[in-house]
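> Please find one structure pasted underneath; my questions will follow.
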Amino acid sequence: MFLRRWSRLLSLTLILSLCMTTMASAAESSPSKYAWANESVDFLRSHGVFKNMENRTNTLGKMVTKSDLTLMVHRLFTDLRVESDKNIKIPGVPSEHSSYQIFKDVYGSIPSAPSGLIAAADKINYHDETFKFIPEKVLTRWDLLITLNALFDDIGYSLELSDGEYIARLRDIKDLPKRYFNSYSQYEKWKYAYQPLAPEIGLMQDKKWGPSLASDLDYVKAYALLGFAEAGIMKPDAKGYFRPNQKVTLAETAVVLHRIYDYYDGNDYVQEPSADDLIPNGTRNFIYAGSPSGHGESPVSDFALVNPDSIPEFYLAVKASEKIDLQINVNGEPSYYTYEQLSNPKQPVRISLNGAYYAEFIPIIRSKGQKATDDNNNIEVMYYYADTFQDFTKLLGYETNF
């Protein structure tokens, strides 16, 4: 009996001793778990980013939400501000939301805002250009990269490579899936087509020229990933793993933001709007010198015709399944054209650009007297344009089925 009691007591003592040793070991090792982030944490704290961090270890291991990241960026990059009287809608963060002002300041500072807000959103549909911010969303490394690239995209664009060089570097990243397509119709059936929040890259196969990035948004992903890696801000590990789906911690976010601050040396991170950023419409088509072209739409809605070659004027013809008139704004000045004027392909309308970088097209539905939007019509339309006078019936196969 005495031996059994002694045995139980000895076992209990050993268990308690082991538990205390383990807890003490954990207490000693936990603070050093994030030692690699200490310099950045101290830097951000000195800039007022961190407050009330008594429980340092638990705080640094915390997963970061979109609201957390936005607040950190707002506190560190104090020039990212929007005028108080400027009305910017943040889908998913209404004006009465407690985080609205910091979201407005940070993402409203994107040079192409409000249309450019989509690049930093947490739910994106580029097909209908709808998007939403989700303040409570827990961020992955990929989410962090895409958001920061929207705010500081000159980091990504600082790397200038050929398609072949981009693809070679992307292939070196082992956990970034690459999907190959033989046609754009095949690409567009892919669930991640035109989806910057998906950590996968679409590539178009060409028998003669080899693979190329499949769309503008695949270029955006490549620029972000490789540009931030080249700058040493976010990069794959030594074995080639980026771990895009890994949840990001406060410690890692602190290091990344510190590196961005150092990249700009604490200033000049506010981007001046480019000519493209000043285009008010997110949907863009292009006219080039010496290249008659056209595009179709259904439903019909507004768009910008961009003039990168600085042509002085262009010729326009339109064919639609229902009569539409056009308001065309050049340098902010509107001109109006009836469908009867525009629908003669042998006598296209001449429109002067007066040095403008773009012309804004606003279709008006004749039967309704309303501006056409994606939601109020099923009209099919073809626009034909060139920088010199053309008979579009001969040049572009003007006949259509509608």
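Ligands are numbered from 1 in the order shown, residues from 1 within each chain, and chains are lettered A, B, ... in the order they appear in the structure tokens.
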Mind listing the alpha helix (DSSP H) residues of region 246-319 of chain A, per DSSP on the backbone, as a ChimeraX atom specification?
/A:250-263
> Run DSSP on the backbone of this structure and report the residues of region 11-247 of chain A it assigns to strand (DSSP E), as a list in words.
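Taking region 11-247 of chain A and keeping strand (DSSP E) only, one gets Lys123, Ile124, Asn125, Thr130, Phe131, Lys132, Lys178, Arg179, Tyr180, Phe181, Ile201, Gly202, Leu203, Met204, Ser212 and Leu213 of chain A.
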> May I have the residues from that selection written out with N, CA, C and O atoms, as a short mmCIF file (atom, residue, chain, number, x, y, z; two decimals), in the first residue's frame?

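Printed below is out-v4.cif as written:
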data_model
loop_
_atom_site.label_atom_id
_atom_site.label_comp_id
_atom_site.auth_asym_id
_atom_site.auth_seq_id
_atom_site.Cartn_x
_atom_site.Cartn_y
_atom_site.Cartn_z
N LYS A 123 -13.10 41.00 -52.97
CA LYS A 123 -13.95 40.16 -53.81
C LYS A 123 -14.12 40.92 -55.12
O LYS A 123 -14.61 42.04 -55.13
N ILE A 124 -13.70 40.29 -56.23
CA ILE A 124 -13.61 41.01 -57.49
C ILE A 124 -14.26 40.20 -58.61
O ILE A 124 -14.03 39.00 -58.74
N ASN A 125 -15.05 40.88 -59.43
CA ASN A 125 -15.56 40.30 -60.65
C ASN A 125 -15.26 41.28 -61.78
O ASN A 125 -15.96 42.27 -61.96
N THR A 130 -17.61 44.63 -60.79
CA THR A 130 -18.12 44.78 -59.43
C THR A 130 -17.07 44.28 -58.44
O THR A 130 -16.28 43.39 -58.76
N PHE A 131 -17.09 44.85 -57.25
CA PHE A 131 -16.09 44.46 -56.25
C PHE A 131 -16.58 44.84 -54.87
O PHE A 131 -17.53 45.61 -54.72
N LYS A 132 -15.89 44.31 -53.88
CA LYS A 132 -16.29 44.54 -52.49
C LYS A 132 -15.08 44.43 -51.58
O LYS A 132 -14.22 43.56 -51.77
N LYS A 178 0.74 27.12 -62.79
CA LYS A 178 0.70 27.76 -64.11
C LYS A 178 -0.25 26.95 -65.00
O LYS A 178 -0.10 25.74 -65.11
N ARG A 179 -1.24 27.61 -65.59
CA ARG A 179 -2.23 26.93 -66.43
C ARG A 179 -2.05 27.39 -67.88
O ARG A 179 -2.02 28.59 -68.16
N TYR A 180 -1.93 26.42 -68.79
CA TYR A 180 -1.69 26.71 -70.20
C TYR A 180 -2.97 26.57 -71.02
O TYR A 180 -3.76 25.65 -70.81
N PHE A 181 -3.16 27.51 -71.97
CA PHE A 181 -4.36 27.52 -72.81
C PHE A 181 -3.96 27.70 -74.26
O PHE A 181 -2.97 28.38 -74.58
N ILE A 201 -1.36 31.49 -62.41
CA ILE A 201 -1.02 32.29 -63.58
C ILE A 201 -1.54 31.60 -64.84
O ILE A 201 -1.32 30.41 -65.05
N GLY A 202 -2.24 32.37 -65.69
CA GLY A 202 -2.70 31.86 -66.97
C GLY A 202 -1.69 32.18 -68.06
O GLY A 202 -1.21 33.32 -68.17
N LEU A 203 -1.36 31.18 -68.88
CA LEU A 203 -0.39 31.35 -69.97
C LEU A 203 -1.02 30.89 -71.28
O LEU A 203 -1.70 29.86 -71.33
N MET A 204 -0.79 31.66 -72.33
CA MET A 204 -1.31 31.33 -73.65
C MET A 204 -0.21 30.64 -74.46
O MET A 204 0.90 31.16 -74.59
N SER A 212 2.97 32.95 -73.54
CA SER A 212 2.94 34.34 -73.10
C SER A 212 1.89 34.46 -72.00
O SER A 212 1.02 33.59 -71.86
N LEU A 213 1.98 35.51 -71.20
CA LEU A 213 0.97 35.72 -70.17
C LEU A 213 -0.38 35.97 -70.83
O LEU A 213 -0.48 36.70 -71.82
#
> Any idea what's packed within 12 Å of Tyr194 (chain A), counting only C-alpha atoms, ignoring anything in its chain fewer than 5 positions away? Could you give it as a list in words?
Ala119, Ile124, Asn125, Tyr126, His127, Asp128, Glu129, Tyr184, Tyr187, Glu188, Lys189, Pro199, Glu200, Ile201, Gly202, Leu203, Leu213, Ala214, Ser215, Asp216, Leu217, Asp218, Tyr219, Val220 and Lys221 of chain A
> Find the residues around Leu145 (chain A) up to 9 Å (only C-alpha atoms counted), leave out those fewer than 5 positions away in its own chain, and share them as a list of chain:residue names.
A:Thr140, A:Ala150, A:Ala224, A:Leu225, A:Phe228, A:Met234, A:Pro244
> What is the distance between CA of Pro211 (chain A) and CA of Ile173 (chain A), in Å to one decimal?
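Distance between the two atoms: 16.8 Å.
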> With only C-alpha atoms as the counted atoms, please give the residues lying no more than 12 Å from Ala372 (chain A), apart from itself and same-chain residues fewer than 6 positions off, as a PyMOL selection string.
chain A and resi 297-303+322-327+361-366+378-381
> Which residues come within 8 Å of Lys104 (chain A), counting only C-alpha atoms, excluding same-chain residues fewer than 2 positions away, as a list in words?
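What passes the distance filter is Arg81, Val82, Ile88, Lys89, Ile90, Tyr100, Gln101, Ile102, Val106, Tyr107, Gly108 and Ser109 of chain A.
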> Determine the nearest neighbour of Leu342 (chain A) from the options A:Trp36, A:Phe133, A:Tyr383, A:Tyr357, counting only C-alpha atoms.
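Distance minimum relative to Leu342 (chain A) lands on A:Tyr383.
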> Determine, counting only C-alpha atoms, which protein, DNA and RNA residues have an atom within 10 Å of an atom of Leu144 (chain A); residues of the same chain fewer than 4 positions away are not included. Present the result as a VMD selection string.
chain A and resid 64 to 66 69 120 138 to 140 148 to 149 197 234 244 247 to 248 253 256
> Distance CA of Asn307 (chain A)-CA of Gln205 (chain A), one decimal place?
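According to the coordinates, CA of Asn307 (chain A) and CA of Gln205 (chain A) are separated by 29.6 Å.
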> Have a look at A:Ala386, A:Ile118, A:Leu176, A:Ala198 and name the one nearest to Asp143 (chain A); count only C-alpha atoms.
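Closest residue, counting only C-alpha atoms: A:Ala198.
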